[in-house]
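input22.cif (mmCIF, C-alpha atoms) appears below.
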data_input
loop_
_atom_site.label_atom_id
_atom_site.label_comp_id
_atom_site.auth_asym_id
_atom_site.auth_seq_id
_atom_site.Cartn_x
_atom_site.Cartn_y
_atom_site.Cartn_z
CA MET A 166 -70.44 98.83 151.41
CA GLU A 167 -72.43 98.26 148.20
CA ASN A 168 -73.58 101.90 148.23
CA ASN A 169 -70.01 103.06 148.48
CA LEU A 170 -68.27 101.15 145.71
CA PRO A 171 -64.63 101.82 144.83
CA VAL A 172 -64.33 104.23 141.92
CA ASN A 173 -60.97 103.01 140.58
CA VAL A 174 -58.49 100.13 140.69
CA ARG A 175 -56.32 101.74 143.37
CA GLU A 176 -59.27 101.86 145.77
CA TYR A 177 -59.84 98.17 145.14
CA GLN A 178 -56.18 97.57 145.94
CA GLU A 179 -56.64 99.30 149.32
CA LEU A 180 -59.70 97.14 150.06
CA ALA A 181 -57.79 94.00 149.06
CA LYS A 182 -54.96 94.93 151.41
CA LYS A 183 -57.44 95.26 154.29
CA ALA A 184 -59.23 92.02 153.40
CA LEU A 185 -56.24 89.70 153.00
CA PRO A 186 -53.69 88.26 155.43
CA LYS A 187 -50.35 90.03 154.94
CA MET A 188 -48.69 86.88 153.55
CA HIS A 189 -51.31 86.56 150.82
CA TYR A 190 -51.43 90.26 149.94
CA ASP A 191 -47.63 90.33 149.68
CA TYR A 192 -47.72 87.24 147.46
CA ILE A 193 -50.22 88.84 145.07
CA ASN A 194 -48.64 92.27 145.12
CA GLY A 195 -44.90 91.61 145.32
CA GLY A 196 -42.16 91.63 142.71
CA ALA A 197 -38.58 90.39 142.49
CA GLU A 198 -35.68 91.65 144.58
CA ASP A 199 -35.57 95.50 144.79
CA GLU A 200 -38.96 95.73 143.03
CA HIS A 201 -37.52 98.38 140.70
CA THR A 202 -39.39 96.99 137.70
CA LEU A 203 -42.54 96.58 139.82
CA ARG A 204 -42.60 100.34 140.33
CA ASP A 205 -41.49 101.10 136.77
CA ASN A 206 -44.19 98.91 135.16
CA MET A 207 -46.71 101.47 136.42
CA ALA A 208 -44.51 104.58 136.37
CA ALA A 209 -43.60 104.06 132.69
CA TYR A 210 -47.26 104.55 131.74
CA GLY A 211 -47.13 107.90 133.52
CA ARG A 212 -44.27 109.04 131.29
CA ILE A 213 -46.41 108.60 128.15
CA LEU A 214 -48.72 111.50 127.33
CA LEU A 215 -51.82 111.50 125.15
CA ARG A 216 -52.36 113.71 122.08
CA PRO A 217 -56.14 114.17 121.91
CA ARG A 218 -57.87 115.18 118.68
CA VAL A 219 -60.97 117.31 119.12
CA LEU A 220 -64.18 118.10 117.23
CA VAL A 221 -64.62 114.48 116.24
CA ASP A 222 -68.13 113.01 116.43
CA VAL A 223 -67.69 110.53 119.29
CA SER A 224 -71.37 109.75 119.91
CA ASN A 225 -70.67 106.10 119.00
CA ILE A 226 -67.55 104.43 120.41
CA ASP A 227 -66.73 100.91 119.21
CA MET A 228 -64.19 99.18 121.46
CA SER A 229 -64.50 95.79 119.77
CA THR A 230 -61.49 93.92 118.47
CA ASN A 231 -60.51 90.48 117.18
CA LEU A 232 -57.91 88.11 118.60
CA LEU A 233 -56.97 84.89 116.79
CA GLY A 234 -60.33 85.00 115.00
CA TYR A 235 -62.39 85.57 118.17
CA ASP A 236 -64.48 88.73 118.36
CA LEU A 237 -64.14 90.57 121.65
CA PRO A 238 -66.23 93.53 122.84
CA SER A 239 -63.10 95.18 124.24
CA PRO A 240 -59.31 94.75 124.01
CA ILE A 241 -59.10 94.27 127.81
CA ILE A 242 -58.67 90.61 128.77
CA VAL A 243 -57.86 88.75 132.00
CA ALA A 244 -54.20 87.78 132.43
CA PRO A 245 -53.19 84.42 133.93
CA THR A 246 -52.51 84.79 137.66
CA GLY A 247 -52.19 81.92 140.12
CA SER A 248 -53.96 80.82 143.27
CA HIS A 249 -57.19 82.83 143.16
CA LYS A 250 -58.47 80.98 146.24
CA LEU A 251 -55.98 83.06 148.22
CA ALA A 252 -58.13 86.06 147.24
CA ASN A 253 -61.56 84.43 147.52
CA PRO A 254 -62.77 80.92 148.42
CA GLU A 255 -64.50 80.51 145.03
CA GLY A 256 -61.17 81.10 143.31
CA GLU A 257 -60.87 80.97 139.53
CA VAL A 258 -64.49 79.90 139.11
CA ALA A 259 -65.55 83.33 140.40
CA THR A 260 -63.02 85.07 138.14
CA ALA A 261 -64.18 83.03 135.13
CA ARG A 262 -67.80 84.01 135.76
CA ALA A 263 -66.82 87.66 136.17
CA ALA A 264 -64.94 87.59 132.86
CA ALA A 265 -67.78 85.73 131.11
CA SER A 266 -70.38 88.22 132.32
CA CYS A 267 -68.27 90.96 130.68
CA ASN A 268 -67.88 88.80 127.53
CA THR A 269 -64.16 89.03 127.95
CA LEU A 270 -61.49 86.41 127.42
CA MET A 271 -59.76 84.86 130.45
CA VAL A 272 -56.42 83.11 130.45
CA LEU A 273 -56.49 80.40 133.12
CA SER A 274 -53.22 80.01 135.00
CA PHE A 275 -51.34 76.73 135.23
CA SER A 276 -51.16 77.59 138.98
CA SER A 277 -54.94 77.73 139.27
CA SER A 278 -56.42 76.70 142.59
CA CYS A 279 -59.51 75.37 140.74
CA LYS A 280 -59.43 72.44 138.35
CA ILE A 281 -59.46 73.04 134.58
CA GLU A 282 -62.69 71.04 134.46
CA GLU A 283 -64.39 73.14 137.17
CA VAL A 284 -63.56 76.39 135.41
CA ALA A 285 -64.64 75.03 132.02
CA SER A 286 -68.02 73.90 133.34
CA SER A 287 -68.67 77.07 135.39
CA CYS A 288 -69.75 79.21 132.43
CA ASN A 289 -69.59 79.58 128.64
CA ALA A 290 -66.75 81.82 127.48
CA ILE A 291 -63.66 81.95 125.31
CA ARG A 292 -60.71 80.88 127.42
CA PHE A 293 -56.99 80.30 126.86
CA TYR A 294 -54.78 78.09 129.05
CA GLN A 295 -51.40 79.20 130.39
CA LEU A 296 -48.73 76.52 130.64
CA TYR A 297 -45.32 75.97 132.21
CA VAL A 298 -43.11 73.25 130.79
CA PHE A 299 -42.19 70.89 133.62
CA LYS A 300 -39.08 68.75 134.01
CA ASN A 301 -41.56 65.92 133.53
CA ARG A 302 -42.96 66.72 130.06
CA ASP A 303 -45.81 64.23 130.57
CA VAL A 304 -47.31 66.51 133.22
CA SER A 305 -47.38 69.46 130.80
CA ALA A 306 -48.69 67.26 127.97
CA THR A 307 -51.52 65.96 130.15
CA LEU A 308 -52.56 69.49 131.13
CA VAL A 309 -52.56 70.59 127.47
CA ARG A 310 -54.80 67.65 126.55
CA ARG A 311 -57.18 68.42 129.42
CA ALA A 312 -57.40 72.10 128.44
CA GLU A 313 -57.93 71.18 124.78
CA SER A 314 -60.67 68.65 125.57
CA HIS A 315 -62.48 71.20 127.76
CA GLY A 316 -62.73 73.80 125.04
CA PHE A 317 -59.80 76.10 125.75
CA LYS A 318 -58.94 77.85 122.49
CA ALA A 319 -55.20 78.53 122.77
CA ILE A 320 -52.14 77.72 124.85
CA VAL A 321 -50.17 80.57 126.42
CA LEU A 322 -46.65 79.28 127.05
CA THR A 323 -44.77 81.22 129.71
CA VAL A 324 -41.15 81.47 128.55
CA ASP A 325 -39.55 83.72 131.19
CA THR A 326 -39.45 81.19 134.05
CA PRO A 327 -36.66 78.61 133.64
CA MET A 328 -36.35 79.18 137.39
CA LEU A 329 -38.34 81.20 139.88
CA GLY A 330 -37.42 84.84 140.47
CA ARG A 331 -36.36 85.88 143.96
CA ARG A 332 -39.48 87.27 145.62
CA GLU A 333 -38.17 88.44 148.95
CA ALA A 334 -41.53 89.14 150.59
CA ASP A 335 -42.47 85.47 150.06
CA ILE A 336 -39.14 84.35 151.51
CA ARG A 337 -39.58 86.62 154.53
CA ASN A 338 -43.18 85.48 155.03
CA LYS A 339 -42.24 81.80 154.47
CA MET A 340 -45.00 81.72 151.88
CA VAL A 341 -46.43 78.25 151.35
CA ALA A 342 -47.11 77.15 147.78
CA PRO A 343 -50.91 76.96 147.53
CA ALA A 344 -52.17 73.56 146.36
CA ASN A 345 -52.29 73.33 142.56
CA ALA A 346 -55.58 71.51 141.97
CA ASN A 347 -54.61 70.52 138.43
CA LEU A 348 -51.55 68.56 139.54
CA GLU A 349 -53.47 66.16 141.79
CA GLY A 350 -52.60 62.64 140.75
CA LEU A 351 -49.92 63.85 138.32
CA MET A 352 -47.14 64.42 140.84
CA PRO A 353 -46.63 64.63 144.62
CA ILE A 354 -47.68 68.11 145.67
CA ASP A 355 -47.53 68.02 149.45
CA ASP A 356 -43.92 67.05 150.19
CA LEU A 357 -42.79 70.65 150.52
CA ASP A 358 -41.22 70.91 153.94
CA THR A 359 -38.37 73.39 153.87
CA THR A 360 -36.64 75.62 156.35
CA ASP A 361 -34.73 77.75 153.87
CA GLY A 362 -36.65 80.46 152.04
CA SER A 363 -40.20 80.09 150.77
CA LYS A 364 -41.85 76.74 150.15
CA LEU A 365 -42.78 78.23 146.81
CA GLU A 366 -39.12 78.31 145.80
CA LYS A 367 -38.59 74.66 146.71
CA TYR A 368 -41.66 73.65 144.70
CA ALA A 369 -40.38 75.62 141.70
CA ARG A 370 -36.87 74.15 141.91
CA ASP A 371 -38.31 70.64 141.92
CA THR A 372 -40.61 71.18 138.95
CA LEU A 373 -39.59 74.01 136.57
CA ASP A 374 -37.17 73.03 133.82
CA PRO A 375 -34.11 75.28 133.48
CA SER A 376 -33.25 73.60 130.16
CA LEU A 377 -36.38 75.12 128.55
CA SER A 378 -35.46 76.33 125.05
CA TRP A 379 -36.84 77.03 121.55
CA LYS A 380 -36.92 73.29 120.82
CA ASP A 381 -39.62 72.98 123.50
CA VAL A 382 -41.84 75.33 121.48
CA GLU A 383 -41.45 72.79 118.65
CA TRP A 384 -42.35 70.00 121.08
CA LEU A 385 -45.48 71.84 122.23
CA LYS A 386 -46.54 72.43 118.61
CA SER A 387 -46.14 68.71 117.99
CA ILE A 388 -48.59 67.72 120.76
CA THR A 389 -51.40 70.24 120.18
CA GLY A 390 -53.29 71.76 117.29
CA LEU A 391 -54.16 74.83 119.37
CA PRO A 392 -52.48 78.14 118.57
CA ILE A 393 -49.56 78.90 120.90
CA LEU A 394 -48.82 82.36 122.25
CA LEU A 395 -45.44 82.98 123.88
CA LYS A 396 -45.66 85.03 127.06
CA GLY A 397 -42.62 86.76 128.52
CA ILE A 398 -40.90 88.36 125.53
CA VAL A 399 -39.43 91.88 125.91
CA THR A 400 -36.88 92.16 123.07
CA ALA A 401 -36.97 92.47 119.27
CA GLU A 402 -34.54 89.54 118.95
CA ASP A 403 -36.80 87.10 120.78
CA ALA A 404 -39.90 88.48 119.06
CA ARG A 405 -38.40 87.63 115.66
CA LYS A 406 -37.41 84.16 116.88
CA ALA A 407 -40.95 83.61 118.20
CA VAL A 408 -42.44 84.36 114.78
CA GLU A 409 -39.91 82.02 113.12
CA ALA A 410 -40.81 79.30 115.67
CA GLY A 411 -44.45 79.51 114.59
CA ALA A 412 -45.95 81.34 117.55
CA ALA A 413 -49.51 82.52 116.87
CA GLY A 414 -49.01 85.54 119.12
CA ILE A 415 -46.59 87.25 121.46
CA ILE A 416 -47.28 88.59 124.93
CA VAL A 417 -44.91 91.33 126.04
CA SER A 418 -44.62 90.52 129.73
CA ASN A 419 -42.11 90.62 132.57
CA HIS A 420 -44.21 88.22 134.65
CA GLY A 421 -45.74 91.03 136.69
CA THR A 422 -42.11 91.91 137.58
CA ARG A 423 -41.85 88.72 139.64
CA GLN A 424 -38.91 87.23 137.71
CA LEU A 425 -36.00 89.47 136.64
CA ASP A 426 -35.74 92.81 138.40
CA TYR A 427 -34.39 95.62 136.16
CA ALA A 428 -36.00 94.05 133.11
CA PRO A 429 -37.75 96.80 131.14
CA ALA A 430 -41.24 97.98 131.99
CA THR A 431 -43.51 96.20 129.51
CA ILE A 432 -44.99 99.39 128.03
CA SER A 433 -41.40 100.56 127.36
CA ALA A 434 -40.58 97.30 125.53
CA LEU A 435 -43.85 97.05 123.59
CA GLU A 436 -43.01 99.20 120.57
CA GLU A 437 -39.66 97.44 119.98
CA VAL A 438 -41.46 94.08 119.86
CA VAL A 439 -44.32 95.39 117.68
CA LYS A 440 -41.84 96.77 115.11
CA ALA A 441 -39.83 93.53 115.07
CA VAL A 442 -42.97 91.44 114.46
CA GLY A 443 -44.14 93.74 111.67
CA GLY A 444 -47.76 92.62 111.88
CA ALA A 445 -46.97 88.91 111.35
CA VAL A 446 -48.77 87.95 114.60
CA PRO A 447 -50.75 89.89 117.21
CA VAL A 448 -48.77 91.37 120.08
CA LEU A 449 -50.38 91.62 123.53
CA VAL A 450 -49.03 93.31 126.64
CA ASP A 451 -49.54 92.92 130.37
CA GLY A 452 -48.16 94.53 133.53
CA GLY A 453 -48.82 97.84 135.26
CA VAL A 454 -52.24 98.53 133.74
CA ARG A 455 -54.39 100.41 136.27
CA ARG A 456 -56.41 102.83 134.08
CA GLY A 457 -58.31 102.93 130.81
CA THR A 458 -55.80 105.54 129.65
CA ASP A 459 -53.04 102.92 130.15
CA VAL A 460 -54.93 100.59 127.80
CA LEU A 461 -55.28 103.36 125.21
CA LYS A 462 -51.53 104.05 125.39
CA ALA A 463 -50.73 100.36 124.86
CA LEU A 464 -53.10 100.13 121.87
CA ALA A 465 -51.53 103.26 120.35
CA LEU A 466 -48.11 101.60 120.64
CA GLY A 467 -49.33 98.57 118.73
CA ALA A 468 -50.87 96.13 121.21
CA ARG A 469 -53.82 94.11 119.89
CA ALA A 470 -55.08 93.42 123.41
CA VAL A 471 -54.10 94.32 126.95
CA MET A 472 -54.03 91.78 129.77
CA VAL A 473 -54.94 92.75 133.31
CA GLY A 474 -53.77 90.62 136.24
CA ARG A 475 -53.50 92.11 139.72
CA PRO A 476 -56.47 94.52 139.41
CA VAL A 477 -58.82 91.57 138.87
CA LEU A 478 -57.37 89.88 141.96
CA TYR A 479 -57.90 93.09 143.97
CA GLY A 480 -61.56 93.06 142.94
CA LEU A 481 -61.85 89.37 143.76
CA ALA A 482 -60.28 89.84 147.21
CA ALA A 483 -62.43 92.87 148.04
CA ARG A 484 -65.84 91.75 146.76
CA GLY A 485 -65.59 88.30 145.22
CA GLU A 486 -67.02 87.70 141.75
CA ALA A 487 -68.88 91.04 141.82
CA GLY A 488 -65.64 92.87 142.57
CA ALA A 489 -63.71 91.16 139.77
CA LYS A 490 -66.55 91.98 137.37
CA HIS A 491 -66.67 95.60 138.55
CA VAL A 492 -62.92 96.04 137.97
CA ILE A 493 -63.25 94.81 134.36
CA GLU A 494 -66.30 97.04 133.81
CA MET A 495 -64.55 100.08 135.30
CA LEU A 496 -61.51 99.66 133.06
CA ASN A 497 -63.80 99.24 130.04
CA ARG A 498 -65.71 102.41 130.92
CA GLU A 499 -62.46 104.32 131.47
CA LEU A 500 -61.17 103.14 128.08
CA GLU A 501 -64.41 104.17 126.37
CA LEU A 502 -64.19 107.65 127.90
CA ALA A 503 -60.49 108.00 127.06
CA MET A 504 -61.20 107.03 123.44
CA ALA A 505 -63.98 109.62 123.21
CA LEU A 506 -61.83 112.36 124.72
CA CYS A 507 -58.95 111.46 122.38
CA GLY A 508 -61.24 111.50 119.35
CA CYS A 509 -60.92 107.76 118.66
CA ARG A 510 -64.21 106.17 117.59
CA SER A 511 -62.78 102.65 117.21
CA VAL A 512 -59.66 100.79 118.22
CA ALA A 513 -58.44 101.16 114.62
CA GLU A 514 -58.37 104.94 115.20
CA ILE A 515 -56.07 104.61 118.24
CA THR A 516 -53.01 105.27 116.13
CA ARG A 517 -49.37 105.91 117.06
CA ASP A 518 -49.81 109.69 116.76
CA ARG A 519 -52.20 109.70 119.75
CA VAL A 520 -49.29 109.24 122.18
CA HIS A 521 -46.09 111.08 122.98
CA THR A 522 -43.45 108.84 124.57
CA GLU A 523 -40.09 109.49 126.24
CA GLY A 524 -38.44 108.38 123.01
CA ASP A 525 -40.50 110.92 121.05
CA ARG A 526 -39.42 113.68 123.43
CA LEU A 527 -35.74 112.75 123.05
CA ARG A 528 -36.02 112.60 119.25
CA SER A 529 -37.68 116.01 119.17
CA LEU A 530 -34.64 117.47 120.96
CA LEU A 531 -32.18 116.11 118.40
#
Rewrite the structure of this file - the entire thing - as structure tokens.
Amino acid sequence: MENNLPVNVREYQELAKKALPKMHYDYINGGAEDEHTLRDNMAAYGRILLRPRVLVDVSNIDMSTNLLGYDLPSPIIVAPTGSHKLANPEGEVATARAAASCNTLMVLSFSSSCKIEEVASSCNAIRFYQLYVFKNRDVSATLVRRAESHGFKAIVLTVDTPMLGRREADIRNKMVAPANANLEGLMPIDDLDTTDGSKLEKYARDTLDPSLSWKDVEWLKSITGLPILLKGIVTAEDARKAVEAGAAGIIVSNHGTRQLDYAPATISALEEVVKAVGGAVPVLVDGGVRRGTDVLKALALGARAVMVGRPVLYGLAARGEAGAKHVIEMLNRELELAMALCGCRSVAEITRDRVHTEGDRLRSLL
């Protein structure tokens, strides 16, 4: 096996599918309802073409960037995804070590199957913590304090989940909500017997707060000094409101297409958000990234960093920590090569004129 390593993310996905029980693979891989946006998140990247510049000295490629004052060797970072123990028994600890060994930033999910404390003590690295606001605000406040006291550098507030999207594979499979290690002692987490739909849905109904609004961003700012990034914004209107509300960053995300089907593909929404923000705060993007060329396209359209979710889980499911690390390394190498072949020696040189989008094609016809 080790002599015959996967050469790209899609091959890791195939290995993950073979390695995992169907219920768990479907949980990791599925989207909402018709899964239109799930397909489009990836397909939209395919509709953007590159405009390479040649005869540039590309003997030295610098992929480094800076996010909220933290220097990163590459703009590729690990998105928050839940329940890593479904992919591998070491769970988020393995993912954290994989990210740390690549010197990349990891965002730990609220739905982590390892405790905040375990992940924090597993290795030295820059980490952010992703949060949901619960009906019981004390639960969320406690988690923020724990993340802050264990050295997490920012809070990523997910804003697209006032209720859980309809993930039909999980309903069909009667998917059980994996234990959330960080909620032990904070709320009952095992009373989840249900006959209708997925146990995941029942858990979400009992805990997520549908009244979540902009005033809760104010509340979160009042309880922590950490910078707050808002994750789940896909329109110019909300991007402007986020800046006004004091967000330190915006993550263009459709929740891996697990919430609202027929929401836009994130790469299609990115430029609208970037223009609305006008450089006031960094804009990140996640969803559908499977190649280094995808990362280059996102950077050209104004993303400061690109978050990768499912591919890291595929690596984790296929080969544990080594697989997760290999996925990150592969994407970094692909980005480095794409930059060289596009004549971009640094991320600053990945400018808007290096891509040709659907919108550009339409405008050129007018």
Interatomic distance between atom CA of Glu383 of chain A and atom CA of Met271 of chain A? 24.9 Å
Out of A:Lys462, A:Arg405, A:Arg423, A:Arg218, which residue has the shortest atom-to-atom distance to Ile193 of chain A when counting only C-alpha atoms?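 Under the stated criterion, the closest residue is A:Arg423.
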For segment 242-258 of chain A: contacts at 8 Å, all atoms listed in the file, fewer than 6 positions along chain excluded, given as an NGL selection string: :A and (185 or 189 or 264 or 269-279 or 283-284 or 287 or 295 or 343 or 345 or 451 or 470-475 or 477-479 or 481-482 or 485)
Residue selection dump (C-alpha atoms) as a short mmCIF file (atom, residue, chain, number, x, y, z; two decimals), in the frame of the given file:
data_model
loop_
_atom_site.label_atom_id
_atom_site.label_comp_id
_atom_site.auth_asym_id
_atom_site.auth_seq_id
_atom_site.Cartn_x
_atom_site.Cartn_y
_atom_site.Cartn_z
CA LEU A 185 -56.24 89.70 153.00
CA HIS A 189 -51.31 86.56 150.82
CA ALA A 264 -64.94 87.59 132.86
CA THR A 269 -64.16 89.03 127.95
CA LEU A 270 -61.49 86.41 127.42
CA MET A 271 -59.76 84.86 130.45
CA VAL A 272 -56.42 83.11 130.45
CA LEU A 273 -56.49 80.40 133.12
CA SER A 274 -53.22 80.01 135.00
CA PHE A 275 -51.34 76.73 135.23
CA SER A 276 -51.16 77.59 138.98
CA SER A 277 -54.94 77.73 139.27
CA SER A 278 -56.42 76.70 142.59
CA CYS A 279 -59.51 75.37 140.74
CA GLU A 283 -64.39 73.14 137.17
CA VAL A 284 -63.56 76.39 135.41
CA SER A 287 -68.67 77.07 135.39
CA GLN A 295 -51.40 79.20 130.39
CA PRO A 343 -50.91 76.96 147.53
CA ASN A 345 -52.29 73.33 142.56
CA ASP A 451 -49.54 92.92 130.37
CA ALA A 470 -55.08 93.42 123.41
CA VAL A 471 -54.10 94.32 126.95
CA MET A 472 -54.03 91.78 129.77
CA VAL A 473 -54.94 92.75 133.31
CA GLY A 474 -53.77 90.62 136.24
CA ARG A 475 -53.50 92.11 139.72
CA VAL A 477 -58.82 91.57 138.87
CA LEU A 478 -57.37 89.88 141.96
CA TYR A 479 -57.90 93.09 143.97
CA LEU A 481 -61.85 89.37 143.76
CA ALA A 482 -60.28 89.84 147.21
CA GLY A 485 -65.59 88.30 145.22
#
For the atom pair atom CA of Gln178 of chain A and atom CA of Arg455 of chain A, what is the interatomic distance in Å to one decimal place? 10.2 Å
Residues selected by the PyMOL selection byres ((chain A and resi 495) around 12), written as a VMD selection string: chain A and resid 170 to 177 241 267 455 to 458 476 to 477 480 487 to 494 496 to 502
Identify all residues satisfying the PyMOL selection byres ((chain A and resi 281) around 8) in the given file; provide them as a ChimeraX atom specification. /A:279-280,282-285,311-312,315,347
Based on the selection just made, write C-alpha atoms of those residues as a PDB file, in the frame of the given file.
ATOM      1  CA  CYS A 279     -59.510  75.370 140.740  1.00  0.00           C
ATOM      2  CA  LYS A 280     -59.430  72.440 138.350  1.00  0.00           C
ATOM      3  CA  GLU A 282     -62.690  71.040 134.460  1.00  0.00           C
ATOM      4  CA  GLU A 283     -64.390  73.140 137.170  1.00  0.00           C
ATOM      5  CA  VAL A 284     -63.560  76.390 135.410  1.00  0.00           C
ATOM      6  CA  ALA A 285     -64.640  75.030 132.020  1.00  0.00           C
ATOM      7  CA  ARG A 311     -57.180  68.420 129.420  1.00  0.00           C
ATOM      8  CA  ALA A 312     -57.400  72.100 128.440  1.00  0.00           C
ATOM      9  CA  HIS A 315     -62.480  71.200 127.760  1.00  0.00           C
ATOM     10  CA  ASN A 347     -54.610  70.520 138.430  1.00  0.00           C
TER      11      ASN A 347
END
Quick check on the file I pasted: which residues fall under the PyMOL selection byres ((chain A and resi 325-338) around 8)? Write them as a PyMOL selection string. chain A and resi 188+191-192+195-198+323-324+339-340+362-363+365-366+369-370+373-377+396-398+419-420+423-425
One number please: atom CA of Phe317 of chain A to atom CA of Tyr294 of chain A, in Å, one decimal.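 These atoms are spaced 6.3 Å apart.
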A:Arg469, A:Arg519, A:Lys300, A:Arg310: which is nearest Gly414 of chain A, counting all atoms listed in the file?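 Checking each candidate against Gly414 of chain A, we get A:Arg469 as the closest.
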Skipping near chain neighbours, those fewer than 5 positions away, what residues fall within 12 Å of Glu313 of chain A using all atoms listed in the file, listed as a list of chain:residue names?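 My reading of the contact set: A:Ile281, A:Glu282, A:Ala285, A:Arg292, A:Phe293, A:Tyr294, A:Gln295, A:Ala306, A:Thr307, A:Leu308, A:Lys318, A:Ala319, A:Ile320, A:Ile388, A:Thr389, A:Gly390, A:Leu391, A:Pro392.
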Between A:Val321, A:Pro429, A:Leu385, A:Gly443, which one has atoms that come closest to Val408 of chain A, using all atoms listed in the file? A:Gly443
Using only C-alpha atoms, which protein or nucleic acid residues come within 10 Å of Met207 of chain A? Drop anything in the same chain fewer than 4 positions from it, and give the result as a PyMOL selection string. chain A and resi 202-203+211-212+430-432+452-455+459
Nearest to Arg216 of chain A among A:Ser286, A:Ser378, A:Thr522, A:Ser529, with distances taken over all atoms listed in the file: which residue is it? A:Thr522
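Taking all atoms listed in the file into account, the polymer residues that have an atom no farther than 6 Å from (-47.8, 92.4, 127.9) are Ile416, Val417, Ser418, Thr431, Leu449, Val450 and Asp451 of chain A.
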Produce a file of the selected residues containing C-alpha atoms, as an mmCIF file, keeping the file's coordinate frame.
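Contents of again-v1.cif, freshly written:
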data_model
loop_
_atom_site.group_PDB
_atom_site.id
_atom_site.type_symbol
_atom_site.label_atom_id
_atom_site.label_comp_id
_atom_site.auth_asym_id
_atom_site.auth_seq_id
_atom_site.Cartn_x
_atom_site.Cartn_y
_atom_site.Cartn_z
ATOM 1 C CA ILE A 416 -47.280 88.590 124.930
ATOM 2 C CA VAL A 417 -44.910 91.330 126.040
ATOM 3 C CA SER A 418 -44.620 90.520 129.730
ATOM 4 C CA THR A 431 -43.510 96.200 129.510
ATOM 5 C CA LEU A 449 -50.380 91.620 123.530
ATOM 6 C CA VAL A 450 -49.030 93.310 126.640
ATOM 7 C CA ASP A 451 -49.540 92.920 130.370
#
Counting all atoms listed in the file, the residue of A:Leu506, A:Tyr235, A:Ser229, A:Trp384 that sits nearest Asp303 of chain A: A:Trp384
Of A:Gly524, A:Pro186, A:Gly508, A:Gly421, the one nearest to Glu437 of chain A when counting all atoms listed in the file is A:Gly524
Can you patch up segment 474-478 of chain A, filling it in to all heavy atoms, and show the result as an mmCIF file, in the frame of the given file?
data_model
loop_
_atom_site.group_PDB
_atom_site.id
_atom_site.type_symbol
_atom_site.label_atom_id
_atom_site.label_comp_id
_atom_site.auth_asym_id
_atom_site.auth_seq_id
_atom_site.Cartn_x
_atom_site.Cartn_y
_atom_site.Cartn_z
ATOM 1 N N GLY A 474 -53.951 91.685 135.261
ATOM 2 C CA GLY A 474 -53.770 90.620 136.240
ATOM 3 C C GLY A 474 -54.148 91.035 137.648
ATOM 4 O O GLY A 474 -55.236 90.730 138.138
ATOM 5 N N ARG A 475 -53.256 91.762 138.318
ATOM 6 C CA ARG A 475 -53.500 92.110 139.720
ATOM 7 C C ARG A 475 -54.815 92.841 139.968
ATOM 8 O O ARG A 475 -55.498 92.553 140.956
ATOM 9 C CB ARG A 475 -52.333 92.916 140.285
ATOM 10 C CG ARG A 475 -51.064 92.086 140.539
ATOM 11 C CD ARG A 475 -50.009 92.919 141.245
ATOM 12 N NE ARG A 475 -48.758 92.207 141.450
ATOM 13 C CZ ARG A 475 -47.711 92.267 140.624
ATOM 14 N NH1 ARG A 475 -47.779 92.999 139.519
ATOM 15 N NH2 ARG A 475 -46.606 91.598 140.904
ATOM 16 N N PRO A 476 -55.213 93.809 139.115
ATOM 17 C CA PRO A 476 -56.470 94.520 139.410
ATOM 18 C C PRO A 476 -57.670 93.584 139.567
ATOM 19 O O PRO A 476 -58.529 93.803 140.432
ATOM 20 C CB PRO A 476 -56.639 95.445 138.198
ATOM 21 C CG PRO A 476 -55.231 95.748 137.790
ATOM 22 C CD PRO A 476 -54.504 94.433 137.977
ATOM 23 N N VAL A 477 -57.717 92.522 138.759
ATOM 24 C CA VAL A 477 -58.820 91.570 138.870
ATOM 25 C C VAL A 477 -58.759 90.838 140.211
ATOM 26 O O VAL A 477 -59.775 90.610 140.869
ATOM 27 C CB VAL A 477 -58.795 90.576 137.681
ATOM 28 C CG1 VAL A 477 -59.878 89.512 137.830
ATOM 29 C CG2 VAL A 477 -58.979 91.323 136.356
ATOM 30 N N LEU A 478 -57.538 90.525 140.643
ATOM 31 C CA LEU A 478 -57.370 89.880 141.960
ATOM 32 C C LEU A 478 -57.765 90.823 143.094
ATOM 33 O O LEU A 478 -58.325 90.385 144.106
ATOM 34 C CB LEU A 478 -55.929 89.415 142.145
ATOM 35 C CG LEU A 478 -55.553 88.111 141.432
ATOM 36 C CD1 LEU A 478 -54.051 87.873 141.544
ATOM 37 C CD2 LEU A 478 -56.300 86.923 142.010
#
